[in-house]
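Enquirer: Here you go, coords25.cif (mmCIF, C-alpha atoms and all ligand atoms):
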```
data_work
#
loop_
_atom_site.label_atom_id
_atom_site.label_comp_id
_atom_site.auth_asym_id
_atom_site.auth_seq_id
_atom_site.Cartn_x
_atom_site.Cartn_y
_atom_site.Cartn_z
CA LYS A 9 113.86 109.79 57.28
CA TYR A 10 114.91 108.36 53.88
CA GLU A 11 112.13 108.52 51.31
CA GLY A 12 114.07 107.86 48.10
CA LYS A 13 114.03 104.76 45.91
CA LYS A 14 114.62 101.61 47.94
CA ILE A 15 117.53 99.30 47.24
CA GLY A 16 116.33 96.00 45.80
CA ILE A 17 117.78 93.10 47.73
CA ALA A 18 117.64 89.33 47.19
CA LEU A 19 118.16 86.81 49.97
CA VAL A 20 120.27 83.82 48.95
CA GLY A 21 119.28 80.84 51.12
CA LEU A 22 116.02 81.08 53.06
CA GLY A 23 117.16 79.63 56.36
CA TYR A 24 116.91 80.85 59.94
CA TYR A 25 119.14 83.89 59.70
CA ALA A 26 117.80 85.16 56.37
CA THR A 27 114.13 84.81 57.23
CA LYS A 28 113.97 85.35 61.00
CA GLN A 29 116.58 88.11 61.45
CA ILE A 30 117.55 89.81 58.18
CA LEU A 31 114.12 89.87 56.55
CA PRO A 32 112.42 91.63 59.51
CA ALA A 33 115.29 94.15 59.39
CA ILE A 34 114.72 94.72 55.66
CA ASP A 35 111.02 95.18 56.34
CA ALA A 36 111.74 97.69 59.12
CA SER A 37 114.22 99.75 57.12
CA PRO A 38 113.37 102.64 54.79
CA TYR A 39 116.36 101.78 52.56
CA TRP A 40 115.67 98.20 51.47
CA GLN A 41 113.01 96.19 49.71
CA LEU A 42 113.01 92.43 49.17
CA THR A 43 112.82 92.04 45.38
CA GLY A 44 114.17 88.51 44.93
CA ILE A 45 114.90 85.16 46.55
CA VAL A 46 117.28 82.32 45.81
CA THR A 47 116.30 78.98 47.31
CA GLY A 48 116.80 75.28 46.70
CA THR A 49 113.50 74.47 48.42
CA PRO A 50 110.54 75.14 46.10
CA SER A 51 108.02 74.76 48.94
CA LYS A 52 109.41 77.95 50.54
CA ILE A 53 108.62 80.07 47.48
CA PRO A 54 104.83 80.79 47.68
CA GLU A 55 104.93 82.50 51.08
CA PHE A 56 107.58 85.01 49.98
CA LYS A 57 106.27 85.42 46.45
CA GLU A 58 102.86 86.42 47.73
CA LYS A 59 103.91 88.59 50.66
CA TYR A 60 106.50 90.57 48.67
CA ASN A 61 104.78 90.43 45.28
CA LEU A 62 107.95 88.96 43.76
CA LYS A 63 108.19 88.59 40.00
CA ASP A 64 108.84 85.04 38.75
CA GLU A 65 112.01 86.22 37.01
CA ASN A 66 113.43 87.27 40.42
CA ILE A 67 112.88 83.85 42.03
CA LEU A 68 115.98 81.74 41.42
CA ASN A 69 117.57 78.51 42.61
CA TYR A 70 121.17 77.35 42.84
CA GLU A 71 121.12 75.86 39.32
CA ASN A 72 119.78 78.90 37.45
CA TYR A 73 121.53 81.49 39.65
CA ASP A 74 123.43 82.93 36.67
CA LYS A 75 120.12 84.42 35.49
CA LEU A 76 120.74 86.96 38.25
CA LYS A 77 122.36 89.20 35.64
CA ASN A 78 118.93 89.71 34.04
CA CYS A 79 117.23 90.67 37.33
CA SER A 80 117.15 94.44 37.06
CA ASP A 81 115.08 94.77 40.28
CA ILE A 82 117.91 93.21 42.30
CA ASP A 83 120.73 95.61 43.22
CA VAL A 84 122.28 93.67 46.13
CA VAL A 85 122.33 90.00 47.11
CA TYR A 86 122.63 88.92 50.74
CA VAL A 87 124.31 85.51 50.96
CA CYS A 88 122.90 83.63 53.98
CA LEU A 89 124.09 80.14 52.98
CA PRO A 90 126.27 77.71 54.94
CA ASN A 91 129.82 79.14 55.19
CA GLY A 92 131.32 76.86 52.55
CA MET A 93 128.92 78.26 49.92
CA HIS A 94 129.54 81.98 50.56
CA ALA A 95 132.44 82.35 48.12
CA GLU A 96 130.78 80.66 45.15
CA TYR A 97 127.52 82.60 45.44
CA ALA A 98 129.20 85.92 46.22
CA ILE A 99 131.57 85.60 43.25
CA LYS A 100 128.76 84.63 40.86
CA ALA A 101 126.71 87.60 42.09
CA ALA A 102 129.64 89.95 41.52
CA LYS A 103 130.05 88.59 37.99
CA ALA A 104 126.33 89.26 37.44
CA GLY A 105 127.02 92.89 38.40
CA LYS A 106 125.31 92.76 41.80
CA HIS A 107 126.63 94.21 45.05
CA VAL A 108 127.14 91.60 47.76
CA ILE A 109 126.59 91.27 51.48
CA THR A 110 127.78 87.94 52.80
CA GLU A 111 127.24 86.48 56.22
CA LYS A 112 130.07 85.73 58.61
CA PRO A 113 132.44 83.95 58.49
CA MET A 114 133.21 85.49 55.10
CA ALA A 115 134.36 82.12 53.68
CA ASN A 116 136.23 78.95 54.59
CA SER A 117 139.73 80.02 53.53
CA VAL A 118 141.97 83.00 52.88
CA ALA A 119 142.08 82.08 49.17
CA GLU A 120 138.27 82.14 48.96
CA CYS A 121 138.12 85.56 50.65
CA GLU A 122 140.76 86.94 48.29
CA ALA A 123 138.86 85.58 45.28
CA MET A 124 135.66 87.25 46.54
CA ILE A 125 137.41 90.58 47.01
CA LYS A 126 138.97 90.35 43.54
CA ALA A 127 135.68 89.39 41.83
CA CYS A 128 133.87 92.33 43.43
CA LYS A 129 136.70 94.72 42.58
CA ASP A 130 136.83 93.50 38.97
CA SER A 131 133.07 93.99 38.59
CA ASN A 132 133.15 97.31 40.44
CA VAL A 133 130.58 96.16 43.01
CA LYS A 134 130.63 96.47 46.80
CA LEU A 135 131.33 93.56 49.13
CA ALA A 136 130.19 93.78 52.75
CA VAL A 137 130.32 91.21 55.55
CA GLY A 138 127.30 91.05 57.87
CA TYR A 139 129.17 92.04 61.01
CA ARG A 140 126.09 93.28 62.85
CA CYS A 141 128.05 94.14 66.03
CA HIS A 142 129.68 97.04 64.15
CA PHE A 143 126.29 98.77 64.22
CA GLU A 144 125.21 97.73 67.74
CA PRO A 145 125.45 100.23 70.65
CA PHE A 146 127.32 98.09 73.24
CA ASN A 147 129.94 96.93 70.78
CA LYS A 148 130.29 100.44 69.34
CA GLU A 149 130.86 101.65 72.89
CA ALA A 150 133.58 98.99 73.32
CA MET A 151 135.23 100.36 70.18
CA ARG A 152 135.00 103.89 71.61
CA PHE A 153 136.48 102.78 74.96
CA GLY A 154 139.45 101.34 73.06
CA ARG A 155 139.84 104.33 70.76
CA GLU A 156 139.47 107.05 73.44
CA LYS A 157 141.40 105.05 76.05
CA THR A 158 138.56 105.53 78.56
CA PHE A 159 140.19 102.91 80.81
CA GLY A 160 143.74 103.67 79.76
CA GLU A 161 145.54 101.39 77.37
CA ILE A 162 143.76 98.02 77.26
CA ASN A 163 146.49 95.45 77.85
CA TYR A 164 144.52 92.27 78.58
CA ILE A 165 141.45 90.96 76.77
CA ASN A 166 139.61 87.74 77.53
CA SER A 167 136.64 86.60 75.49
CA MET A 168 134.61 83.42 75.36
CA PHE A 169 131.73 82.55 73.05
CA GLY A 170 130.20 79.10 72.87
CA TRP A 171 126.93 77.22 72.83
CA ARG A 172 125.92 73.63 73.39
CA ALA A 173 125.13 71.95 70.09
CA GLY A 174 122.09 69.71 70.28
CA ASN A 175 121.57 68.64 66.68
CA PRO A 176 124.09 66.11 65.33
CA ASN A 177 122.83 66.62 61.76
CA MET A 178 123.35 70.37 61.46
CA TRP A 179 125.59 71.68 58.62
CA ARG A 180 127.69 73.45 61.29
CA LEU A 181 129.27 70.03 62.04
CA ASP A 182 130.08 69.32 58.38
CA GLY A 183 133.72 70.23 57.67
CA LYS A 184 133.09 71.27 54.06
CA LEU A 185 129.96 73.33 54.66
CA ALA A 186 131.10 74.93 57.94
CA GLY A 187 134.87 75.24 57.37
CA GLY A 188 135.44 74.48 61.07
CA GLY A 189 133.51 74.26 64.31
CA PRO A 190 132.62 76.88 66.91
CA LEU A 191 135.60 79.07 65.99
CA MET A 192 134.12 79.74 62.54
CA ASP A 193 130.60 80.10 63.94
CA VAL A 194 130.96 82.21 67.10
CA GLY A 195 134.64 82.39 68.09
CA ILE A 196 134.89 84.86 65.21
CA TYR A 197 132.98 87.40 67.34
CA SER A 198 135.64 87.32 70.06
CA ILE A 199 138.40 87.79 67.49
CA ASN A 200 136.64 90.60 65.71
CA ALA A 201 135.97 92.30 69.08
CA ALA A 202 139.58 92.10 70.27
CA ARG A 203 140.62 93.66 66.96
CA TYR A 204 138.09 96.48 67.19
CA VAL A 205 138.86 97.27 70.81
CA LYS A 206 142.60 97.43 70.07
CA ALA A 207 142.29 98.84 66.51
CA MET A 208 145.37 96.74 65.76
CA GLU A 209 146.18 93.39 64.20
CA PRO A 210 147.57 90.56 66.35
CA THR A 211 151.06 89.26 65.63
CA SER A 212 151.14 85.73 67.06
CA VAL A 213 148.97 82.96 68.47
CA ILE A 214 149.29 79.69 70.34
CA ALA A 215 146.12 77.57 70.28
CA HIS A 216 144.91 74.23 71.61
CA PHE A 217 141.92 72.11 70.69
CA GLY A 218 139.84 70.96 73.66
CA PRO A 219 138.94 67.30 74.19
CA ILE A 220 136.26 65.61 72.10
CA THR A 221 133.56 64.55 74.55
CA ARG A 222 130.95 63.66 71.90
CA PRO A 223 132.74 61.82 69.07
CA ASP A 224 129.47 61.25 67.23
CA TYR A 225 129.19 65.05 66.77
CA PHE A 226 132.80 66.07 66.32
CA ASP A 227 134.40 63.82 63.72
CA GLU A 228 134.92 66.67 61.22
CA VAL A 229 135.15 69.92 63.22
CA GLU A 230 136.58 70.90 66.60
CA GLU A 231 134.43 70.71 69.73
CA SER A 232 136.31 73.59 71.33
CA VAL A 233 139.49 75.59 70.93
CA SER A 234 141.30 78.09 73.15
CA TRP A 235 144.07 80.52 72.30
CA HIS A 236 146.65 82.96 73.60
CA MET A 237 147.18 85.80 71.15
CA GLU A 238 149.50 88.79 71.27
CA PHE A 239 149.22 92.28 69.78
CA PRO A 240 152.23 94.37 68.73
CA ASP A 241 151.93 96.63 71.82
CA GLY A 242 152.20 93.61 74.16
CA THR A 243 148.47 93.20 74.78
CA VAL A 244 147.53 89.60 75.53
CA PHE A 245 144.19 88.25 74.27
CA THR A 246 143.00 84.90 75.56
CA GLY A 247 139.93 83.27 74.07
CA PHE A 248 137.76 80.19 74.10
CA THR A 249 135.02 78.94 71.85
CA SER A 250 132.97 75.78 72.14
CA TYR A 251 129.99 73.76 70.92
CA ASN A 252 129.83 72.19 74.36
CA THR A 253 129.33 75.14 76.72
CA ASN A 254 127.00 78.14 76.83
CA VAL A 255 129.31 81.09 77.46
CA GLU A 256 129.52 84.62 76.07
CA LYS A 257 131.78 87.36 77.44
CA LEU A 258 134.14 90.14 76.48
CA GLU A 259 136.42 91.39 79.29
CA CYS A 260 138.92 94.19 78.70
CA TYR A 261 141.38 95.40 81.32
CA GLY A 262 143.28 98.66 80.98
CA ASP A 263 145.87 100.39 83.12
CA GLN A 264 143.15 102.75 84.44
CA GLY A 265 140.14 100.45 84.78
CA TRP A 266 138.12 97.81 82.98
CA PHE A 267 134.92 97.03 81.15
CA GLU A 268 133.10 93.80 80.51
CA MET A 269 130.12 92.75 78.48
CA GLY A 270 128.09 89.56 78.86
CA PRO A 271 126.08 88.67 76.88
CA ALA A 272 128.42 90.55 74.57
CA PHE A 273 127.56 89.54 71.01
CA SER A 274 124.30 87.60 70.76
CA TYR A 275 120.85 89.12 70.49
CA GLY A 276 121.02 89.55 74.21
CA PRO A 277 119.74 91.62 75.74
CA LEU A 278 123.38 92.65 75.91
CA LYS A 279 124.66 93.87 79.26
CA GLY A 280 127.84 95.61 80.28
CA LYS A 281 129.58 97.15 83.27
CA THR A 282 132.77 99.08 83.78
CA SER A 283 135.02 100.18 86.63
CA LYS A 284 133.20 103.55 86.32
CA GLY A 285 129.65 102.11 86.44
CA PRO A 286 127.11 100.27 84.30
CA MET A 287 126.96 100.53 80.52
CA ASP A 288 123.57 102.16 80.17
CA LEU A 289 122.82 101.69 76.48
CA PRO A 290 119.75 100.85 74.42
CA VAL A 291 119.01 97.21 73.63
CA VAL A 292 118.27 97.08 69.90
CA HIS A 293 117.50 94.65 67.10
CA HIS A 294 121.03 94.29 65.74
CA GLN A 295 120.03 93.41 62.20
CA THR A 296 117.74 96.45 61.88
CA TYR A 297 120.62 98.68 62.97
CA GLN A 298 122.88 96.85 60.52
CA MET A 299 120.53 97.25 57.55
CA ASN A 300 119.79 100.88 58.42
CA GLY A 301 123.52 101.51 58.75
CA MET A 302 124.34 99.76 55.49
CA GLY A 303 121.56 101.50 53.50
CA PRO A 304 123.36 104.83 52.95
CA MET A 305 126.64 102.97 52.37
CA PHE A 306 125.12 101.07 49.46
CA LEU A 307 123.32 104.15 48.11
CA SER A 308 126.57 106.12 48.12
CA LYS A 309 129.04 106.00 45.25
CA ASP A 310 131.90 105.90 47.81
CA PRO A 311 133.59 102.61 48.68
CA LEU A 312 132.42 100.89 51.86
CA PRO A 313 134.35 101.72 55.02
CA ASP A 314 137.08 99.05 55.38
CA HIS A 315 135.60 97.63 58.60
CA ILE A 316 132.29 96.87 56.85
CA SER A 317 133.97 95.41 53.77
CA GLY A 318 135.47 92.12 52.66
CA LEU A 319 138.85 93.32 53.91
CA GLU A 320 137.55 93.01 57.47
CA GLY A 321 136.22 89.52 56.84
CA LEU A 322 139.55 88.45 55.34
CA LYS A 323 141.48 89.67 58.42
CA ASP A 324 139.39 87.48 60.74
CA ILE A 325 139.72 84.45 58.45
CA LYS A 326 143.52 84.88 58.40
CA ILE A 327 143.57 84.87 62.21
CA MET A 328 141.25 81.87 62.49
CA MET A 329 143.38 79.91 60.03
CA ALA A 330 146.44 80.75 62.16
CA ILE A 331 144.57 79.44 65.23
CA TYR A 332 143.81 76.19 63.41
CA GLU A 333 147.40 75.86 62.20
CA SER A 334 148.78 76.37 65.70
CA ALA A 335 146.26 74.00 67.28
CA LYS A 336 147.02 71.30 64.70
CA ALA A 337 150.81 71.64 64.56
CA GLY A 338 151.46 72.84 68.11
CA GLY A 339 153.58 75.87 68.94
CA LYS A 340 153.45 79.55 68.23
CA LYS A 341 152.20 80.74 64.86
CA MET A 342 153.35 84.18 63.71
CA MET A 343 150.88 86.29 61.72
P1 LIG B 1 120.26 77.65 58.18
O1 LIG B 1 120.62 76.21 58.14
O2 LIG B 1 119.09 78.04 59.01
O3 LIG B 1 119.98 78.18 56.70
C1 LIG B 1 120.85 77.93 55.63
C2 LIG B 1 120.04 77.88 54.34
O4 LIG B 1 120.95 77.70 53.27
C3 LIG B 1 119.07 76.71 54.24
O5 LIG B 1 117.83 76.97 54.84
C4 LIG B 1 118.97 76.51 52.75
O6 LIG B 1 118.03 77.44 52.24
C5 LIG B 1 120.33 76.96 52.24
N1 LIG B 1 121.19 75.82 51.87
C6 LIG B 1 121.64 75.57 50.62
N2 LIG B 1 122.40 74.47 50.60
C7 LIG B 1 122.42 73.98 51.86
C8 LIG B 1 123.02 72.83 52.45
N3 LIG B 1 123.79 71.97 51.74
N4 LIG B 1 122.83 72.63 53.76
C9 LIG B 1 122.09 73.47 54.49
N5 LIG B 1 121.49 74.58 53.98
C10 LIG B 1 121.65 74.83 52.66
O7 LIG B 1 121.57 78.42 58.61
P2 LIG B 1 121.66 79.88 59.26
O8 LIG B 1 120.63 80.75 58.68
O9 LIG B 1 121.72 79.75 60.74
O10 LIG B 1 123.12 80.34 58.77
C11 LIG B 1 123.35 80.84 57.46
C12 LIG B 1 124.57 81.77 57.48
O11 LIG B 1 124.29 82.86 58.33
C13 LIG B 1 125.85 81.13 58.03
O12 LIG B 1 126.96 81.59 57.32
C14 LIG B 1 125.91 81.61 59.47
O13 LIG B 1 127.24 81.70 59.97
C15 LIG B 1 125.28 82.98 59.35
N6 LIG B 1 124.62 83.40 60.59
C16 LIG B 1 124.92 84.63 61.08
C17 LIG B 1 124.35 85.06 62.24
C18 LIG B 1 124.65 86.43 62.74
O14 LIG B 1 124.22 86.75 63.84
N7 LIG B 1 125.31 87.27 61.97
C19 LIG B 1 123.44 84.20 63.02
C20 LIG B 1 123.12 82.95 62.38
C21 LIG B 1 123.73 82.57 61.22
P3 LIG B 1 117.03 77.06 51.04
O15 LIG B 1 116.22 75.90 51.55
O16 LIG B 1 116.26 78.29 50.85
O17 LIG B 1 117.90 76.69 49.86
#
```
Turn the structure described in the file into structure tokens.

Expert:
Amino acid sequence: KYEGKKIGIALVGLGYYATKQILPAIDASPYWQLTGIVTGTPSKIPEFKEKYNLKDENILNYENYDKLKNCSDIDVVYVCLPNGMHAEYAIKAAKAGKHVITEKPMANSVAECEAMIKACKDSNVKLAVGYRCHFEPFNKEAMRFGREKTFGEINYINSMFGWRAGNPNMWRLDGKLAGGGPLMDVGIYSINAARYVKAMEPTSVIAHFGPITRPDYFDEVEESVSWHMEFPDGTVFTGFTSYNTNVEKLECYGDQGWFEMGPAFSYGPLKGKTSKGPMDLPVVHHQTYQMNGMGPMFLSKDPLPDHISGLEGLKDIKIMMAIYESAKAGGKKMM
């Protein structure tokens, strides 16, 4: 059990994910301690200030965020803002000399991701993306199945992830704040999973937007999108993501068997079965596993493993932008 000095972390944006998932994980981990908050809502401050004994100098808002450079108790910031704000607040944190964890999707564009990677490199700070599934037992098992070829070479993957949106005012429907619809929000899990099962990058995609059934919701972002993607070894990956349908699966077929998970990516409880029997794995709090996994990586002087870093986030954004380009223009998009 780690008993050294804890890493001071500040949450940027005190919304659902920061306060209901990441904060309990910070509390449960021996590596981390909440030492700061950044919020645009003053009424949220007292609860956190009191519970965590936060110093006034470590309580910031979006206007005085550059004071971060003076916050010696804050080693790492965790950006839990709407997607369109990730780049700005990650880059400013890097310039203040702070390591960064940013939520998925890493940002709204390839250029933003590249600017984040450059800013962190220039300031010699780490940049991680909060891909919790990389620390979660079922998804780690899926990676192992791919790597060890437990079911032979996987040559067909199908994955769907969607949920039915019920709030027409949520930022996830705002093109600028969200960067896109369900693809940016949850379709990203299917894409990341296909990449980690194959341990390869796809080469082409053909995508189609689904129909808009609720025009009052979907005047800025897609309601659904589906795709046919190919990997260099001939593997076909079909996918679907939607704000209209509750669906969540990862199905992988190899030349010697298959495995499938559903629920595959959410807080579950995740379930999985294979052509050899059930996936009998522990159901865990993903974010606690993530923060416990990231602790030693941030304590170490070594660079982050690529699949935890901004490089991984950038790869998914490149693919999602190719999906959007194909769906908008029609036809095959090479990557
Ligand atoms: P919320 O809407 O619950 O929280 C976002 C917070 O950002 C707000 O509470 C607010 O905090 C702050 N904020 C600042 N400016 C704005 C603005 N213009 N509009 C809305 N909020 C603003 O979102 P989530 O917590 O669900 O999502 C935050 C990020 O986390 C997203 O990138 C999302 O993709 C990711 N996420 C990841 C999940 C995962 O499993 N890895 C699951 C859920 C979300 P304040 O009032 O303190 O300023």

Enquirer: Report as a PDB file with C-alpha atoms, in the frame of the given file all protein, DNA and RNA residues lying within 9 Å of region 20-32 of chain A, evaluated on all atoms listed in the file, omitting residues in the same chain fewer than 2 positions from it.

Expert:
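Saved as result-v4.pdb:
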```pdb
ATOM      1  CA  ALA A  18     117.640  89.330  47.190  1.00  0.00           C
ATOM      2  CA  ILE A  34     114.720  94.720  55.660  1.00  0.00           C
ATOM      3  CA  ASP A  35     111.020  95.180  56.340  1.00  0.00           C
ATOM      4  CA  ALA A  36     111.740  97.690  59.120  1.00  0.00           C
ATOM      5  CA  SER A  37     114.220  99.750  57.120  1.00  0.00           C
ATOM      6  CA  LEU A  42     113.010  92.430  49.170  1.00  0.00           C
ATOM      7  CA  GLY A  44     114.170  88.510  44.930  1.00  0.00           C
ATOM      8  CA  ILE A  45     114.900  85.160  46.550  1.00  0.00           C
ATOM      9  CA  VAL A  46     117.280  82.320  45.810  1.00  0.00           C
ATOM     10  CA  THR A  47     116.300  78.980  47.310  1.00  0.00           C
ATOM     11  CA  GLY A  48     116.800  75.280  46.700  1.00  0.00           C
ATOM     12  CA  THR A  49     113.500  74.470  48.420  1.00  0.00           C
ATOM     13  CA  LYS A  52     109.410  77.950  50.540  1.00  0.00           C
ATOM     14  CA  LEU A  68     115.980  81.740  41.420  1.00  0.00           C
ATOM     15  CA  ASN A  69     117.570  78.510  42.610  1.00  0.00           C
ATOM     16  CA  TYR A  70     121.170  77.350  42.840  1.00  0.00           C
ATOM     17  CA  VAL A  85     122.330  90.000  47.110  1.00  0.00           C
ATOM     18  CA  TYR A  86     122.630  88.920  50.740  1.00  0.00           C
ATOM     19  CA  VAL A  87     124.310  85.510  50.960  1.00  0.00           C
ATOM     20  CA  CYS A  88     122.900  83.630  53.980  1.00  0.00           C
ATOM     21  CA  LEU A  89     124.090  80.140  52.980  1.00  0.00           C
ATOM     22  CA  PRO A  90     126.270  77.710  54.940  1.00  0.00           C
ATOM     23  CA  TYR A  97     127.520  82.600  45.440  1.00  0.00           C
ATOM     24  CA  HIS A 293     117.500  94.650  67.100  1.00  0.00           C
ATOM     25  CA  HIS A 294     121.030  94.290  65.740  1.00  0.00           C
ATOM     26  CA  GLN A 295     120.030  93.410  62.200  1.00  0.00           C
ATOM     27  CA  THR A 296     117.740  96.450  61.880  1.00  0.00           C
ATOM     28  CA  MET A 299     120.530  97.250  57.550  1.00  0.00           C
TER      29      MET A 299
END
```

Enquirer: Quick one: everything within 10 Å of Glu259 (chain A), counting only C-alpha atoms, minus sequence neighbours fewer than 3 positions away in the same chain. Send it as a ChimeraX atom specification.

Expert: /A:164-168,202,245-246,266-270,272,280-282

Enquirer: For the interface of region 125-179 of chain A with region 307-314 of chain A (cut-off 12 Å, counting all atoms listed in the file), please tabulate each contacting residue of region 125-179 of chain A alongside its nearest pair of atoms and their separation in Å to one decimal, rows sorted by chain and increasing number, as JSON lines.

Expert:
```
{"residue": "A:Ile125", "atom": "CA", "partner": "A:Asp314", "partner_atom": "CA", "distance": 11.9}
{"residue": "A:Cys128", "atom": "CA", "partner": "A:Pro311", "partner_atom": "CA", "distance": 11.5}
{"residue": "A:Lys129", "atom": "CA", "partner": "A:Pro311", "partner_atom": "CA", "distance": 10.4}
{"residue": "A:Asn132", "atom": "CA", "partner": "A:Pro311", "partner_atom": "CA", "distance": 9.8}
{"residue": "A:Val133", "atom": "CA", "partner": "A:Pro311", "partner_atom": "CA", "distance": 9.1}
{"residue": "A:Lys134", "atom": "CA", "partner": "A:Leu312", "partner_atom": "CA", "distance": 7.0}
{"residue": "A:Leu135", "atom": "CA", "partner": "A:Leu312", "partner_atom": "CA", "distance": 7.9}
{"residue": "A:Ala136", "atom": "CA", "partner": "A:Leu312", "partner_atom": "CA", "distance": 7.5}
{"residue": "A:Val137", "atom": "CA", "partner": "A:Asp314", "partner_atom": "CA", "distance": 10.4}
{"residue": "A:Tyr139", "atom": "CA", "partner": "A:Asp314", "partner_atom": "CA", "distance": 12.0}
{"residue": "A:His142", "atom": "CA", "partner": "A:Pro313", "partner_atom": "CA", "distance": 11.3}
```

Enquirer: From the options A:Glu11, A:Asp130, A:Asp81, A:Glu122, which residue's atoms come nearest to Ala102 (chain A), counting only C-alpha atoms?

Expert: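 Among the listed residues, the smallest separation from Ala102 (chain A) belongs to A:Asp130.
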
Enquirer: Taking all atoms listed in the file into account, which of A:Met192, A:Val205, A:Ile67, A:Ala330 comes nearest Glu231 (chain A)?

Expert: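 Under the stated criterion, the closest residue is A:Met192.
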
Enquirer: Report as lines of an AutoDock Vina configuration file the centre and the edge lengths, in Å to one decimal, of the axis-aligned box holding every listed atom of region 227-241 of chain A, padded by 6 Å on each side.

Expert:
```
center_x = 143.3
center_y = 80.2
center_z = 67.4
size_x = 29.8
size_y = 44.8
size_z = 24.4
```

Enquirer: Reconstruct N, CA and C atoms of region 204-220 of chain A from the incomplete input and present them as an mmCIF file, in the frame of the given file.

Expert:
```cif
data_model
loop_
_atom_site.group_PDB
_atom_site.id
_atom_site.type_symbol
_atom_site.label_atom_id
_atom_site.label_comp_id
_atom_site.auth_asym_id
_atom_site.auth_seq_id
_atom_site.Cartn_x
_atom_site.Cartn_y
_atom_site.Cartn_z
ATOM 1 N N TYR A 204 138.660 95.125 67.218
ATOM 2 C CA TYR A 204 138.090 96.480 67.190
ATOM 3 C C TYR A 204 138.289 97.228 68.488
ATOM 4 N N VAL A 205 138.506 96.548 69.571
ATOM 5 C CA VAL A 205 138.860 97.270 70.810
ATOM 6 C C VAL A 205 140.287 97.814 70.690
ATOM 7 N N LYS A 206 141.195 97.003 70.169
ATOM 8 C CA LYS A 206 142.600 97.430 70.070
ATOM 9 C C LYS A 206 142.877 98.291 68.838
ATOM 10 N N ALA A 207 142.016 98.177 67.803
ATOM 11 C CA ALA A 207 142.290 98.840 66.510
ATOM 12 C C ALA A 207 143.705 98.515 66.034
ATOM 13 N N MET A 208 144.036 97.238 66.127
ATOM 14 C CA MET A 208 145.370 96.740 65.760
ATOM 15 C C MET A 208 145.210 95.298 65.316
ATOM 16 N N GLU A 209 146.202 94.800 64.604
ATOM 17 C CA GLU A 209 146.180 93.390 64.200
ATOM 18 C C GLU A 209 147.117 92.583 65.085
ATOM 19 N N PRO A 210 146.692 91.387 65.517
ATOM 20 C CA PRO A 210 147.570 90.560 66.350
ATOM 21 C C PRO A 210 148.783 90.056 65.558
ATOM 22 N N THR A 211 149.819 89.675 66.299
ATOM 23 C CA THR A 211 151.060 89.260 65.630
ATOM 24 C C THR A 211 151.377 87.776 65.811
ATOM 25 N N SER A 212 150.844 87.151 66.875
ATOM 26 C CA SER A 212 151.140 85.730 67.060
ATOM 27 C C SER A 212 150.035 85.054 67.852
ATOM 28 N N VAL A 213 149.985 83.716 67.721
ATOM 29 C CA VAL A 213 148.970 82.960 68.470
ATOM 30 C C VAL A 213 149.508 81.567 68.809
ATOM 31 N N ILE A 214 149.118 81.102 69.980
ATOM 32 C CA ILE A 214 149.290 79.690 70.340
ATOM 33 C C ILE A 214 147.888 79.181 70.675
ATOM 34 N N ALA A 215 147.495 78.064 70.076
ATOM 35 C CA ALA A 215 146.120 77.570 70.280
ATOM 36 C C ALA A 215 146.119 76.078 70.586
ATOM 37 N N HIS A 216 145.071 75.660 71.270
ATOM 38 C CA HIS A 216 144.910 74.230 71.610
ATOM 39 C C HIS A 216 143.456 73.835 71.377
ATOM 40 N N PHE A 217 143.264 72.676 70.750
ATOM 41 C CA PHE A 217 141.920 72.110 70.690
ATOM 42 C C PHE A 217 141.573 71.507 72.046
ATOM 43 N N GLY A 218 140.307 71.631 72.445
ATOM 44 C CA GLY A 218 139.840 70.960 73.660
ATOM 45 C C GLY A 218 139.529 69.501 73.357
ATOM 46 N N PRO A 219 139.247 68.723 74.397
ATOM 47 C CA PRO A 219 138.940 67.300 74.190
ATOM 48 C C PRO A 219 137.620 67.111 73.454
ATOM 49 N N ILE A 220 137.528 65.985 72.746
ATOM 50 C CA ILE A 220 136.260 65.610 72.100
ATOM 51 C C ILE A 220 135.481 64.763 73.104
#
```
